[in-house]
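J.: TSV, C-alpha atoms, file my_file_0.tsv:
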```tsv
chain	number	residue	atom	x	y	z
A	816	MET	CA	-24.98	-28.17	-9.12
A	817	LYS	CA	-24.82	-27.45	-5.37
A	818	GLN	CA	-21.39	-26.80	-3.97
A	819	GLN	CA	-19.65	-29.25	-1.71
A	820	TRP	CA	-21.41	-28.82	1.61
A	821	ILE	CA	-18.25	-28.53	3.66
A	822	ALA	CA	-16.86	-25.72	1.53
A	823	GLY	CA	-18.76	-22.99	3.33
A	824	ILE	CA	-17.48	-23.71	6.82
A	825	ALA	CA	-15.12	-21.12	8.26
A	826	LEU	CA	-12.91	-21.82	11.25
A	827	LEU	CA	-13.29	-19.35	14.06
A	828	THR	CA	-10.88	-18.80	16.95
A	829	LEU	CA	-12.06	-18.70	20.50
A	830	VAL	CA	-12.13	-15.37	22.30
A	831	SER	CA	-9.21	-15.46	24.71
A	832	THR	CA	-10.76	-13.25	27.35
A	833	SER	CA	-14.02	-14.91	28.37
A	834	CYS	CA	-15.95	-15.50	31.51
A	835	PHE	CA	-18.60	-17.96	32.52
A	836	ALA	CA	-22.16	-17.18	33.41
A	837	ASP	CA	-24.53	-19.59	35.07
A	838	ASP	CA	-27.62	-18.13	33.41
A	839	VAL	CA	-26.48	-18.36	29.76
A	840	THR	CA	-29.41	-19.54	27.65
A	841	PRO	CA	-28.57	-21.66	24.60
A	842	PRO	CA	-30.28	-21.15	21.24
A	843	THR	CA	-33.34	-23.30	20.72
A	844	ASP	CA	-33.19	-26.52	18.73
A	845	LYS	CA	-35.29	-24.91	15.99
A	846	ILE	CA	-32.89	-21.98	15.68
A	847	LEU	CA	-29.92	-24.32	15.51
A	848	LYS	CA	-31.57	-26.63	12.98
A	849	ASP	CA	-32.82	-23.84	10.72
A	850	GLN	CA	-29.51	-22.00	10.62
A	851	PHE	CA	-27.59	-25.26	10.22
A	852	TYR	CA	-29.80	-26.12	7.23
A	853	ASP	CA	-29.19	-22.69	5.70
A	854	ASP	CA	-25.44	-22.82	6.34
A	855	PHE	CA	-25.17	-26.03	4.38
A	856	THR	CA	-27.41	-24.78	1.53
A	857	GLY	CA	-30.07	-27.34	2.26
A	858	LEU	CA	-27.79	-30.33	1.76
A	859	MET	CA	-27.49	-31.12	5.47
A	860	ARG	CA	-29.90	-31.07	8.37
A	861	LEU	CA	-29.39	-31.22	12.11
A	862	ASP	CA	-31.27	-34.13	13.66
A	863	ASP	CA	-30.12	-34.07	17.30
A	864	ILE	CA	-27.73	-31.84	19.19
A	865	SER	CA	-26.53	-31.30	22.73
A	866	LEU	CA	-24.59	-28.20	23.74
A	867	LYS	CA	-22.03	-27.75	26.48
A	868	LEU	CA	-21.05	-24.22	27.38
A	869	ILE	CA	-17.35	-23.44	26.94
A	870	SER	CA	-17.29	-19.69	27.48
A	871	SER	CA	-19.53	-16.63	27.37
A	872	GLU	CA	-19.22	-12.85	27.36
A	873	GLY	CA	-22.19	-10.55	27.10
A	874	ASN	CA	-24.56	-11.95	24.50
A	875	GLN	CA	-21.89	-14.17	22.92
A	876	ALA	CA	-21.24	-17.77	23.87
A	877	THR	CA	-19.13	-20.64	22.67
A	878	TRP	CA	-20.35	-24.20	22.95
A	879	SER	CA	-19.08	-27.67	22.25
A	880	ALA	CA	-21.67	-29.67	20.38
A	881	GLU	CA	-22.37	-33.31	19.72
A	882	GLY	CA	-25.23	-35.00	17.97
A	883	ASP	CA	-26.57	-36.51	14.80
A	884	MET	CA	-26.83	-34.98	11.34
A	885	SER	CA	-27.98	-36.33	7.99
A	886	ALA	CA	-27.92	-35.41	4.32
A	887	THR	CA	-31.09	-34.39	2.51
A	888	GLU	CA	-29.78	-36.09	-0.66
A	889	ASP	CA	-27.32	-38.84	-1.49
A	890	LEU	CA	-23.94	-37.11	-1.70
A	891	TYR	CA	-20.94	-38.20	-3.73
A	892	ASN	CA	-17.45	-37.17	-4.65
A	893	MET	CA	-15.57	-38.10	-7.82
A	894	VAL	CA	-12.59	-40.39	-7.28
A	895	GLY	CA	-11.56	-40.68	-10.93
A	896	MET	CA	-12.53	-40.88	-14.59
A	897	ALA	CA	-12.03	-43.42	-17.34
A	898	GLY	CA	-13.28	-42.72	-20.84
A	899	ASP	CA	-16.57	-40.85	-20.50
A	900	TYR	CA	-17.35	-42.45	-17.14
A	901	HIS	CA	-17.24	-40.67	-13.78
A	902	PHE	CA	-16.23	-42.92	-10.91
A	903	MET	CA	-18.04	-41.70	-7.80
A	904	GLU	CA	-17.90	-42.59	-4.11
A	905	LYS	CA	-21.06	-42.23	-2.05
A	906	ASN	CA	-20.16	-40.48	1.19
A	907	TRP	CA	-23.59	-39.67	2.52
A	908	VAL	CA	-26.83	-41.64	2.24
A	909	LYS	CA	-29.98	-39.56	2.21
A	910	GLY	CA	-31.59	-39.54	5.68
A	911	ARG	CA	-28.98	-41.75	7.32
A	912	GLN	CA	-27.83	-40.19	10.58
A	913	VAL	CA	-24.14	-39.57	11.16
A	914	LYS	CA	-22.49	-38.67	14.45
A	915	PHE	CA	-20.74	-35.33	14.60
A	916	SER	CA	-18.90	-33.02	16.98
A	917	ALA	CA	-18.31	-29.33	16.49
A	918	MET	CA	-17.87	-25.95	18.07
A	919	VAL	CA	-20.76	-23.53	17.97
A	920	THR	CA	-20.79	-19.80	18.57
A	921	SER	CA	-24.03	-18.07	19.35
A	922	VAL	CA	-24.78	-14.36	19.47
A	923	GLY	CA	-28.06	-13.15	20.89
A	924	THR	CA	-30.70	-13.70	23.57
A	925	PRO	CA	-34.14	-15.30	23.67
A	926	ALA	CA	-35.62	-11.82	23.21
A	927	SER	CA	-33.39	-10.67	20.32
A	928	GLY	CA	-33.00	-14.02	18.62
A	929	TRP	CA	-29.77	-15.78	17.79
A	930	ARG	CA	-27.15	-15.97	15.09
A	931	THR	CA	-25.18	-19.20	15.27
A	932	GLU	CA	-22.17	-20.61	13.48
A	933	PHE	CA	-20.74	-24.13	13.41
A	934	TYR	CA	-17.01	-24.69	13.01
A	935	SER	CA	-14.30	-27.31	13.69
A	936	MET	CA	-16.80	-29.83	12.35
A	937	GLN	CA	-15.83	-33.49	12.73
A	938	THR	CA	-18.11	-36.17	11.34
A	939	ALA	CA	-18.12	-39.95	11.15
A	940	ALA	CA	-18.35	-39.56	7.36
A	941	LYS	CA	-16.19	-37.66	4.90
A	942	ASN	CA	-16.71	-33.92	5.02
A	943	ILE	CA	-17.21	-33.73	1.30
A	944	GLY	CA	-19.96	-34.53	-1.19
A	945	TYR	CA	-22.41	-33.20	-3.70
A	946	PRO	CA	-25.49	-34.55	-5.46
A	947	LEU	CA	-25.19	-36.18	-8.85
A	948	PRO	CA	-26.04	-33.72	-11.62
A	949	LYS	CA	-29.55	-33.78	-13.03
A	950	THR	CA	-28.70	-35.36	-16.36
A	951	GLU	CA	-30.11	-38.00	-18.64
A	952	ASN	CA	-26.69	-39.68	-18.84
A	953	LYS	CA	-26.81	-41.08	-15.33
A	954	ASP	CA	-25.34	-44.34	-16.63
A	955	LYS	CA	-22.08	-42.40	-17.09
A	956	TYR	CA	-21.77	-42.17	-13.28
A	957	LEU	CA	-20.46	-45.34	-11.63
A	958	ILE	CA	-20.71	-45.58	-7.85
A	959	VAL	CA	-17.69	-47.55	-6.65
A	960	THR	CA	-19.29	-48.10	-3.24
A	961	ASP	CA	-22.43	-49.75	-4.68
A	962	SER	CA	-22.79	-53.52	-4.62
A	963	ASN	CA	-23.52	-53.65	-8.36
A	964	PHE	CA	-20.46	-51.57	-9.33
A	965	TYR	CA	-18.25	-54.41	-10.54
A	966	PRO	CA	-20.95	-56.14	-12.64
A	967	LYS	CA	-21.58	-52.76	-14.32
A	968	LEU	CA	-17.84	-52.22	-14.79
A	969	ALA	CA	-17.50	-55.67	-16.36
A	970	LYS	CA	-20.15	-54.81	-18.97
A	971	ILE	CA	-18.45	-51.51	-19.76
A	972	GLU	CA	-15.06	-53.17	-20.10
A	973	ALA	CA	-16.65	-55.74	-22.42
A	974	SER	CA	-18.00	-52.89	-24.56
A	975	TYR	CA	-14.50	-51.39	-24.82
A	976	HIS	CA	-13.12	-54.81	-25.74
A	977	ASP	CA	-15.71	-54.83	-28.54
A	978	LYS	CA	-14.39	-51.43	-29.64
A	979	LYS	CA	-10.88	-52.87	-29.87
A	980	MET	CA	-12.17	-55.82	-31.91
A	981	ALA	CA	-14.09	-53.41	-34.16
A	982	GLN	CA	-10.92	-51.36	-34.62
A	983	GLU	CA	-8.94	-54.46	-35.63
A	984	LYS	CA	-11.70	-55.52	-38.04
A	985	ALA	CA	-11.82	-52.03	-39.58
A	986	GLN	CA	-8.01	-52.08	-39.88
A	987	SER	CA	-8.19	-55.38	-41.75
A	988	GLN	CA	-10.85	-53.95	-44.06
A	989	MET	CA	-8.68	-50.87	-44.58
A	990	GLU	CA	-5.73	-53.04	-45.64
A	991	GLN	CA	-7.96	-54.91	-48.12
A	992	VAL	CA	-9.24	-51.62	-49.56
A	993	GLU	CA	-5.68	-50.33	-49.96
A	994	LYS	CA	-4.72	-53.58	-51.70
A	995	GLU	CA	-7.62	-53.28	-54.16
A	996	ILE	CA	-6.74	-49.64	-54.88
A	997	ALA	CA	-3.14	-50.66	-55.59
A	998	GLU	CA	-4.28	-53.46	-57.91
A	999	LEU	CA	-6.51	-51.07	-59.87
A	1000	ASP	CA	-3.64	-48.58	-60.04
A	1001	THR	CA	-1.43	-51.29	-61.54
A	1002	GLN	CA	-4.07	-52.08	-64.17
A	1003	ILE	CA	-4.38	-48.40	-65.09
A	1004	LYS	CA	-0.61	-47.97	-65.39
A	1005	GLN	CA	-0.16	-51.15	-67.43
A	1006	SER	CA	-2.86	-50.03	-69.87
A	1007	TRP	CA	-0.45	-47.41	-71.27
A	1008	GLY	CA	2.03	-50.10	-72.35
A	1009	THR	CA	5.82	-49.84	-72.43
A	1010	ASP	CA	8.34	-47.88	-74.48
A	1011	ALA	CA	11.05	-49.27	-76.79
A	1012	ASN	CA	13.22	-50.05	-73.77
A	1013	GLY	CA	10.46	-51.95	-71.98
A	1014	LYS	CA	9.91	-49.15	-69.48
A	1015	PRO	CA	6.26	-48.63	-68.40
A	1016	ARG	CA	4.68	-45.57	-69.95
A	1017	THR	CA	2.39	-43.07	-68.28
A	1018	ARG	CA	-0.51	-41.21	-69.84
A	1019	SER	CA	1.78	-38.23	-70.19
A	1020	ASP	CA	4.35	-40.37	-72.00
A	1021	VAL	CA	1.77	-41.64	-74.51
A	1022	MET	CA	0.43	-38.13	-75.07
A	1023	GLN	CA	3.95	-36.83	-75.67
A	1024	GLU	CA	4.71	-39.60	-78.18
A	1025	LYS	CA	1.63	-38.75	-80.21
A	1026	LEU	CA	2.45	-35.06	-80.10
A	1027	GLU	CA	6.03	-35.71	-81.27
A	1028	LYS	CA	4.70	-37.56	-84.31
A	1029	MET	CA	2.42	-34.64	-85.08
A	1030	TYR	CA	5.29	-32.18	-84.64
A	1031	GLU	CA	7.43	-34.23	-87.03
A	1032	VAL	CA	4.74	-34.02	-89.73
A	1033	ASP	CA	4.45	-30.29	-89.01
A	1034	ARG	CA	8.18	-29.87	-89.51
A	1035	GLN	CA	8.05	-31.76	-92.79
A	1036	ASN	CA	5.18	-29.59	-94.02
A	1037	ASP	CA	6.39	-26.32	-92.57
A	1038	PRO	CA	5.08	-23.46	-94.82
A	1039	LEU	CA	8.39	-21.59	-94.67
A	1040	LYS	CA	10.27	-24.72	-95.68
A	1041	PHE	CA	7.84	-25.24	-98.57
A	1042	GLU	CA	8.15	-21.60	-99.59
A	1043	ASN	CA	11.96	-21.74	-99.69
A	1044	HIS	CA	11.87	-24.93	-101.75
A	1045	TYR	CA	9.25	-23.48	-104.11
A	1046	TYR	CA	11.33	-20.36	-104.75
A	1047	LYS	CA	14.47	-22.40	-105.31
A	1048	THR	CA	13.06	-25.07	-107.61
A	1049	ILE	CA	10.14	-23.37	-109.38
A	1050	TYR	CA	9.68	-19.67	-109.02
A	1051	ASP	CA	13.25	-18.39	-109.29
A	1052	PRO	CA	14.18	-20.54	-112.36
A	1053	ALA	CA	10.92	-19.56	-114.10
A	1054	LEU	CA	11.42	-15.87	-113.31
A	1055	ALA	CA	15.02	-15.99	-114.60
A	1056	ALA	CA	13.85	-17.62	-117.87
A	1057	CYS	CA	11.10	-15.00	-118.25
A	1058	GLN	CA	13.44	-12.11	-117.59
A	1059	ALA	CA	15.78	-13.39	-120.30
A	1060	LYS	CA	13.09	-12.49	-122.81
A	1061	ALA	CA	12.51	-8.93	-124.01
A	1062	ASP	CA	8.77	-9.14	-123.43
A	1063	CYS	CA	8.80	-10.86	-119.99
A	1064	ASP	CA	5.48	-10.79	-118.14
A	1065	ALA	CA	6.08	-12.11	-114.62
A	1066	ALA	CA	2.50	-11.55	-113.38
A	1067	PRO	CA	1.36	-15.13	-114.13
A	1068	LEU	CA	4.41	-16.47	-112.29
A	1069	ARG	CA	3.65	-14.38	-109.22
A	1070	ALA	CA	-0.01	-15.40	-109.30
A	1071	ALA	CA	0.95	-19.07	-109.54
A	1072	ARG	CA	3.42	-18.60	-106.67
A	1073	ASP	CA	0.84	-16.99	-104.40
A	1074	THR	CA	-1.71	-19.67	-105.18
A	1075	ALA	CA	0.73	-22.50	-104.47
A	1076	LEU	CA	1.96	-20.98	-101.21
A	1077	ASN	CA	-1.56	-20.22	-99.95
A	1078	GLU	CA	-2.89	-23.69	-100.80
A	1079	GLN	CA	0.08	-25.36	-99.10
A	1080	LYS	CA	-0.41	-23.24	-95.98
A	1081	ARG	CA	-4.13	-24.09	-95.82
A	1082	GLU	CA	-3.30	-27.79	-96.22
A	1083	TYR	CA	-0.67	-27.51	-93.50
A	1084	TYR	CA	-3.17	-26.14	-90.94
A	1085	ARG	CA	-5.89	-28.56	-92.05
A	1086	GLN	CA	-3.64	-31.57	-91.53
A	1087	HIS	CA	-2.40	-30.19	-88.20
A	1088	ALA	CA	-5.98	-29.73	-86.97
A	1089	LEU	CA	-6.92	-33.25	-88.09
A	1090	MET	CA	-3.91	-34.82	-86.36
A	1091	ASN	CA	-4.54	-32.84	-83.17
A	1092	ALA	CA	-8.21	-33.85	-83.10
A	1093	LYS	CA	-7.25	-37.50	-83.66
A	1094	ILE	CA	-4.84	-37.38	-80.72
A	1095	LYS	CA	-7.52	-35.95	-78.45
A	1096	GLU	CA	-10.00	-38.56	-79.67
A	1097	GLU	CA	-7.59	-41.44	-79.06
A	1098	MET	CA	-6.68	-40.19	-75.59
A	1099	ALA	CA	-10.34	-39.63	-74.69
A	1100	ALA	CA	-11.19	-43.15	-75.89
A	1101	HIS	CA	-8.47	-44.64	-73.69
A	1102	ASP	CA	-9.55	-42.50	-70.73
A	1103	GLU	CA	-13.13	-43.70	-71.21
A	1104	LYS	CA	-11.88	-47.28	-71.20
A	1105	LEU	CA	-10.17	-46.63	-67.88
A	1106	LYS	CA	-13.12	-44.76	-66.35
A	1107	PRO	CA	-14.68	-47.85	-64.68
A	1108	LEU	CA	-11.33	-48.59	-63.01
A	1109	ARG	CA	-10.95	-45.01	-61.83
A	1110	ASP	CA	-14.55	-44.97	-60.57
A	1111	GLN	CA	-13.81	-48.10	-58.57
A	1112	GLN	CA	-10.72	-46.44	-57.14
A	1113	SER	CA	-12.71	-43.35	-56.19
A	1114	GLU	CA	-15.34	-45.44	-54.42
A	1115	LEU	CA	-12.68	-47.44	-52.60
A	1116	ARG	CA	-10.89	-44.26	-51.51
A	1117	GLY	CA	-14.18	-43.00	-50.04
A	1118	GLN	CA	-14.52	-46.27	-48.14
A	1119	GLY	CA	-10.93	-45.91	-47.00
A	1120	MET	CA	-11.55	-42.42	-45.60
A	1121	GLU	CA	-14.59	-43.66	-43.66
A	1122	LEU	CA	-12.63	-46.61	-42.30
A	1123	ASP	CA	-9.71	-44.38	-41.36
A	1124	THR	CA	-12.03	-42.08	-39.38
A	1125	GLN	CA	-13.65	-45.08	-37.71
A	1126	ILE	CA	-10.28	-46.62	-36.83
A	1127	SER	CA	-8.96	-43.35	-35.36
A	1128	GLN	CA	-12.06	-42.85	-33.23
A	1129	LEU	CA	-12.18	-46.43	-31.95
A	1130	LYS	CA	-8.44	-46.43	-31.23
A	1131	SER	CA	-8.63	-43.12	-29.37
A	1132	GLU	CA	-11.61	-44.24	-27.28
A	1133	TYR	CA	-10.10	-47.62	-26.39
A	1134	GLU	CA	-6.60	-46.33	-25.60
A	1135	ARG	CA	-7.99	-43.53	-23.43
A	1136	TRP	CA	-10.15	-46.01	-21.50
A	1137	ASP	CA	-7.34	-48.55	-21.14
A	1138	ARG	CA	-4.89	-45.91	-19.93
A	1139	GLU	CA	-7.26	-44.33	-17.43
A	1140	ILE	CA	-8.81	-47.54	-16.04
A	1141	THR	CA	-5.29	-48.95	-15.56
A	1142	ASP	CA	-4.36	-45.81	-13.64
A	1143	LEU	CA	-7.41	-46.14	-11.38
A	1144	ARG	CA	-6.42	-49.71	-10.57
A	1145	ARG	CA	-2.84	-48.69	-9.94
A	1146	LYS	CA	-4.01	-46.03	-7.48
A	1147	GLY	CA	-6.27	-48.54	-5.72
A	1148	VAL	CA	-9.48	-46.68	-6.55
A	1149	ILE	CA	-10.87	-49.93	-7.97
A	1150	LYS	CA	-9.70	-53.52	-8.01
```
Could I get this file's structure written as structure tokens?
T.:
Amino acid sequence: MKQQWIAGIALLTLVSTSCFADDVTPPTDKILKDQFYDDFTGLMRLDDISLKLISSEGNQATWSAEGDMSATEDLYNMVGMAGDYHFMEKNWVKGRQVKFSAMVTSVGTPASGWRTEFYSMQTAAKNIGYPLPKTENKDKYLIVTDSNFYPKLAKIEASYHDKKMAQEKAQSQMEQVEKEIAELDTQIKQSWGTDANGKPRTRSDVMQEKLEKMYEVDRQNDPLKFENHYYKTIYDPALAACQAKADCDAAPLRAARDTALNEQKREYYRQHALMNAKIKEEMAAHDEKLKPLRDQQSELRGQGMELDTQISQLKSEYERWDREITDLRRKGVIK
């Protein structure tokens, strides 16, 4: 992007000790126009100029200048932004002449050539402006000085009103999704029933109840408990009776003891494994029954996330526009 054309102008002070010469030759129009064009990086051109000598010394002279100048492109400056839109003011119309006055210094002679400089520039248009950027999104630049500005602005404001309506619609959909998720959650929770006190149970509660029943059976069939009872009621009395005889052979008693203890221990672990497998099977069956409800919840949560993103984006875009367009009206940039 070219820089603002006025930015390159430097103010020069007049030389205090100067004298006048009747034979001072001014730079030619071509010299003035070419150097003027270069000074303003091709954005401005000098159309007409008249010089009046103010002072001269040697090959240096100072002139007052008046004339016409024009821009080689339409030039704008930004007066504000709202949303993604740049609000621009057209200060210079391409090719339209504008009156100006300035001071000009020249250094040189017809033989050596001249170097000139314009300063203290005063124009009938604002001394600021730059071309619009070369972009495909030219519709993002609104020219407040154009006759069709307000019809364009009305369409844009209508589009932001639509965003607000879309946000409110999405918010309503979001509330419905949240309601459906809550209803499914209630169904899932109620599926686990209630305890003896009427308090709703969770999956963890049901699992713990089943495990407690299994643990109770385990305690009843505890191998150590069985072993102590076996010794007390069977093995010890039989061994005492055997030992009362002169020819006591306790080997069969010990063999019977080992067999009984081993069989009871195997039965204990077999029953424990069966009960544990049954618990897992029952819980898996209930989970499978609830799977359609949980799948529905998962789908609804996905919809909720999409709606939440949509709501946030629409809200941010609308609130930014509303805040910034209100500020532009407050400042008087637009009506």
J.: Would you mind telling me which residue in A:Lys949, A:Lys848, A:Lys955, A:Lys941 lies nearest to Tyr891 in chain A when using only C-alpha atoms?
T.: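 Closest to Tyr891 in chain A of all the choices is A:Lys941.
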J.: Rank A:Tyr965, A:Trp878, A:Phe1041, A:Trp929 by their smallest atom-to-atom distance to Lys845 in chain A, using only C-alpha atoms, and report the top residue only.
T.: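 The answer is A:Trp929, which sits nearest to Lys845 in chain A.
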J.: Which residue out of A:Gln1035, A:Asn906, A:Asn1077, A:Thr938 has the minimum interatomic distance to Val894 in chain A when all atoms listed in the file are used?
T.: A:Asn906
J.: Calculate how many Å separate CA of Thr960 in chain A from CA of Phe855 in chain A, rounding to one decimal.
T.: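 A separation of 24.1 Å between them.
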J.: Find the residues around range 1011-1028 of chain A up to 9 Å (all atoms listed in the file counted), leave out those fewer than 2 positions away in its own chain, and share them as a list in words.
T.: Lys1004, Gln1005, Ser1006, Trp1007, Gly1008, Thr1009, Tyr1030, Glu1031, Val1032, Asp1033, Met1090, Asn1091, Ile1094, Lys1095 and Met1098 of chain A
J.: Let me see the file: selected residues, C-alpha atoms, as a PDB file, keeping the file's coordinate frame.
T.:
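And here is the file that came out, again.pdb:
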```pdb
ATOM      1  CA  LYS A1004      -0.610 -47.970 -65.390  1.00  0.00           C
ATOM      2  CA  GLN A1005      -0.160 -51.150 -67.430  1.00  0.00           C
ATOM      3  CA  SER A1006      -2.860 -50.030 -69.870  1.00  0.00           C
ATOM      4  CA  TRP A1007      -0.450 -47.410 -71.270  1.00  0.00           C
ATOM      5  CA  GLY A1008       2.030 -50.100 -72.350  1.00  0.00           C
ATOM      6  CA  THR A1009       5.820 -49.840 -72.430  1.00  0.00           C
ATOM      7  CA  TYR A1030       5.290 -32.180 -84.640  1.00  0.00           C
ATOM      8  CA  GLU A1031       7.430 -34.230 -87.030  1.00  0.00           C
ATOM      9  CA  VAL A1032       4.740 -34.020 -89.730  1.00  0.00           C
ATOM     10  CA  ASP A1033       4.450 -30.290 -89.010  1.00  0.00           C
ATOM     11  CA  MET A1090      -3.910 -34.820 -86.360  1.00  0.00           C
ATOM     12  CA  ASN A1091      -4.540 -32.840 -83.170  1.00  0.00           C
ATOM     13  CA  ILE A1094      -4.840 -37.380 -80.720  1.00  0.00           C
ATOM     14  CA  LYS A1095      -7.520 -35.950 -78.450  1.00  0.00           C
ATOM     15  CA  MET A1098      -6.680 -40.190 -75.590  1.00  0.00           C
TER      16      MET A1098
END
```
J.: Just how far from CA of Gly910 in chain A is CA of Ser885 in chain A, in Å to one decimal?
T.: 5.4 Å
J.: Mind pulling up the distance from CA of Gln1128 in chain A to CA of Tyr956 in chain A?
T.: 22.2 Å
J.: A:Ala1053, A:Leu1076, A:Leu957, A:Ile971: which is nearest Asp1137 in chain A, counting all atoms listed in the file?
T.: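 Checking each of A:Ala1053, A:Leu1076, A:Leu957, A:Ile971 against Asp1137 in chain A, counting all atoms listed in the file, the winner is A:Ile971.
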J.: Check the smallest atom-to-atom distance from each of A:Gly1119, A:Gly944, A:Pro1052, A:Pro1038 to Glu1078 in chain A using only C-alpha atoms, then report the winner.
T.: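 Of all the options, A:Pro1038 lies closest to Glu1078 in chain A.
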J.: Identify, on the basis of only C-alpha atoms, every residue whose closest approach to Lys994 in chain A does not exceed 12 Å; exclude the query and any residue fewer than 5 positions from it along the same chain; express the result as JSON, numbers by chain.
T.: {"A": [987, 988, 989, 999, 1000, 1001, 1112, 1115, 1116, 1119]}
J.: Using all atoms listed in the file, determine which residues lie at most 7 Å from Tyr1083 in chain A, disregarding the query and same-chain residues fewer than 4 positions distant; provide the list as a list of chain:residue names.
T.: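 Close residues of Tyr1083 in chain A: A:Asn1036, A:Gln1079, A:His1087.
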J.: Which protein, DNA or RNA residues have an atom at most 7 Å from (-25.0, -19.8, 17.7), counting all atoms listed in the file? List them as a list in words.
T.: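 Residues found, by chain and rising number: Pro842, Val919, Thr920, Ser921, Val922, Trp929, Arg930, Thr931 and Glu932 of chain A.
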